[in-house]
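S.K.: Take this structure, written in structure tokens, and hold onto it; I'll ask about it next.
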Amino acid sequence: MKESTFYEKIQNNIVANDSDENLLLCNLCERRCRISNKNLGFCKSQKNIDGKLYALNYGKIASSHIDPIEKKPLYHFLPGSSTYSIGGFGCNFSCLNCQNYMLSMHSFNEYNSSKILEETIVKNAINSNCLSISWTYNEPTLYFDFAQKTSQLAHDENLKNVYVSNGYMSEESLDETLKFIDAFNIDLKFFDDDLYRKVCGAKLDIVLRNLKMIYESRKRYGNHLEITTLLINGLNTDEDSIRGISRFIIDELGPEVPIHFSRFFPMYKMSDENPTNIDYLLRAKEIAIEEGLEYVYLGNMPADNNTYCPECGELLIARERYCNRDKNRIRDGRCLSCGHKLNFVF
């Protein structure tokens, strides 16, 4: 365990008609959990022990794998490289359709997790010929303290750091996270606050605020951003939803931000639903391009996920499932054919 960075003591508070001198406010994410003594926050990773908040997950993971970076999915960040992926238990969302519910809906114990040092993670990534470390599988926001130390060591070894996240950090924790995470893939699950509350137990405006913070941080830290939206029949497959997401990206971020529309498959508390109709995903791609997005990809289904120059149409990077390095037609961040500036990190 390690004392958490983002919390404060709540003074002069009455809980269940009893004074609790040890009541804490966790400021790690925008749930802002009020945690009484000996109890856990919603995410099951932060515990109040006698008036101090501790990260129970520090130095503990549930899973590690070597993945193509495109699997995160990140198509414009170190394309064709491998990333050392790690994750653990717990989440600050309660998504009914969670694909990793066996991890996200449970908490750590001595039997279901492995202890690991920050230096070991970095060493494993180097020995596996990875160019980055990805915090994924469960919500990486919960790992702030462990991720910060590991990422700093990774930077010392010229490794990059990645978050695959629901984007629900508090402003203060995100502001610090931007200093050590190089690339984000953020789930923009719906463009409807009611659906966010009903399906995920969260609020849309927080995710939109954080997307803007990440995008704007490019000027300070050079952070890279891509977005994923899981399309679910009848919930967010309508034209208005797709246009709303597309226009937000264009108006508040930039048309060069890649979006991945991904196909839903039955899982967890939505196991009785049907997989997303492929026609909905194909139409979503058409709409996003019509609105002006430059890079639109489809996930969890066979599709043309090559990257083409938005200016001249030149094939820049060919992908058959993942990246084919031999087809790279990008030099110095520009299209070799027309010189158009592209949104890539190599």
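Labels used: A, B, ... for chains in the order of the structure tokens, numbers from 1 for residues in each chain, and numbers from 1 for ligands as shown.
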So that I can check the secondary structure, give me every residue of range 94-248 of chain A assigned strand (DSSP E) by backbone DSSP, as a PyMOL selection string.
M.R.: chain A and resi 114-115+132-135+160-165+183-187+224-231
S.K.: Tell me, as a count of residues only, which residues lie within 6 Å of range 227-230 of chain A, counting only C-alpha atoms; anything in the same chain fewer than 6 positions away does not count.
M.R.: 10
S.K.: Residues within 8 Å of Phe184 in chain A, please, as a ChimeraX atom specification. Count only C-alpha atoms; anything in the same chain fewer than 2 positions from it doesn't count.
M.R.: /A:162-165,181-182,186,223-226
S.K.: Excluding range 279-291 of chain A and any residue of its chain fewer than 4 positions from it, enumerate the residues within 9 Å of it, using only C-alpha atoms, and give them as a ChimeraX atom specification.
M.R.: /A:231,233,237-239,242-243,245-247,250,259,261-263,295-299,303
S.K.: Go ahead and save the picked residues with N, CA and C atoms, as a compact mmCIF listing (two decimals), in the first residue's frame.
M.R.:
# COMPACT_ATOMS: atom_id res chain seq x y z
N LEU A 231 -20.34 1.10 -30.31
CA LEU A 231 -21.71 1.28 -30.79
C LEU A 231 -22.57 0.09 -30.40
N ASN A 233 -26.55 -1.47 -30.56
CA ASN A 233 -27.83 -1.37 -31.26
C ASN A 233 -28.87 -0.60 -30.44
N THR A 237 -26.51 4.23 -31.96
CA THR A 237 -26.25 3.97 -33.39
C THR A 237 -27.04 4.91 -34.30
N ASP A 238 -27.89 5.77 -33.73
CA ASP A 238 -28.68 6.68 -34.55
C ASP A 238 -27.80 7.78 -35.12
N GLU A 239 -28.26 8.37 -36.19
CA GLU A 239 -27.48 9.38 -36.91
C GLU A 239 -27.16 10.59 -36.05
N ILE A 242 -24.12 9.93 -33.80
CA ILE A 242 -22.85 9.92 -34.53
C ILE A 242 -22.46 11.34 -34.94
N ARG A 243 -23.43 12.10 -35.41
CA ARG A 243 -23.12 13.48 -35.80
C ARG A 243 -22.74 14.32 -34.58
N ILE A 245 -21.19 13.32 -31.80
CA ILE A 245 -19.81 12.99 -31.45
C ILE A 245 -18.84 13.61 -32.44
N SER A 246 -19.14 13.48 -33.73
CA SER A 246 -18.26 13.99 -34.78
C SER A 246 -18.11 15.50 -34.68
N ARG A 247 -19.21 16.20 -34.46
CA ARG A 247 -19.16 17.66 -34.39
C ARG A 247 -18.43 18.13 -33.14
N ILE A 250 -14.74 17.86 -33.96
CA ILE A 250 -14.32 18.90 -34.90
C ILE A 250 -14.32 20.29 -34.24
N ILE A 259 -10.88 8.63 -34.55
CA ILE A 259 -11.95 7.98 -33.78
C ILE A 259 -12.10 6.55 -34.25
N PHE A 261 -14.80 3.56 -34.11
CA PHE A 261 -16.13 3.03 -33.80
C PHE A 261 -15.99 1.52 -33.68
N SER A 262 -16.36 1.00 -32.51
CA SER A 262 -16.12 -0.41 -32.24
C SER A 262 -17.43 -1.18 -32.10
N ARG A 263 -17.41 -2.43 -32.54
CA ARG A 263 -18.61 -3.26 -32.50
C ARG A 263 -18.81 -3.89 -31.12
N TYR A 295 -9.76 10.92 -39.83
CA TYR A 295 -9.35 9.52 -39.62
C TYR A 295 -10.44 8.78 -38.84
N VAL A 296 -11.11 7.86 -39.51
CA VAL A 296 -12.20 7.11 -38.90
C VAL A 296 -11.94 5.62 -39.11
N TYR A 297 -11.95 4.86 -38.02
CA TYR A 297 -11.63 3.44 -38.09
C TYR A 297 -12.76 2.63 -37.44
N LEU A 298 -12.86 1.35 -37.84
CA LEU A 298 -13.87 0.45 -37.31
C LEU A 298 -13.18 -0.71 -36.60
N GLY A 299 -13.67 -1.05 -35.40
CA GLY A 299 -13.06 -2.10 -34.60
C GLY A 299 -13.98 -3.26 -34.32
N ALA A 303 -12.73 -4.75 -41.69
CA ALA A 303 -12.92 -3.42 -42.27
C ALA A 303 -11.62 -2.93 -42.89
S.K.: Pick out the closest residue to Glu157 in chain A from this set: A:Glu119, A:Glu216, A:Glu320, A:Glu273. Count only C-alpha atoms.
M.R.: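 Result for the nearest residue to Glu157 in chain A: A:Glu119.
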S.K.: What does the structure give for the distance between CA of Tyr101 in chain A and CA of Tyr137 in chain A, in Å to one decimal?
M.R.: 9.5 Å
S.K.: Using only C-alpha atoms, which residues sit within 9 Å of Gln11 in chain A once same-chain residues fewer than 6 positions away are excluded, as JSON, numbers by chain?
M.R.: {"A": [20, 21, 22, 23, 24]}
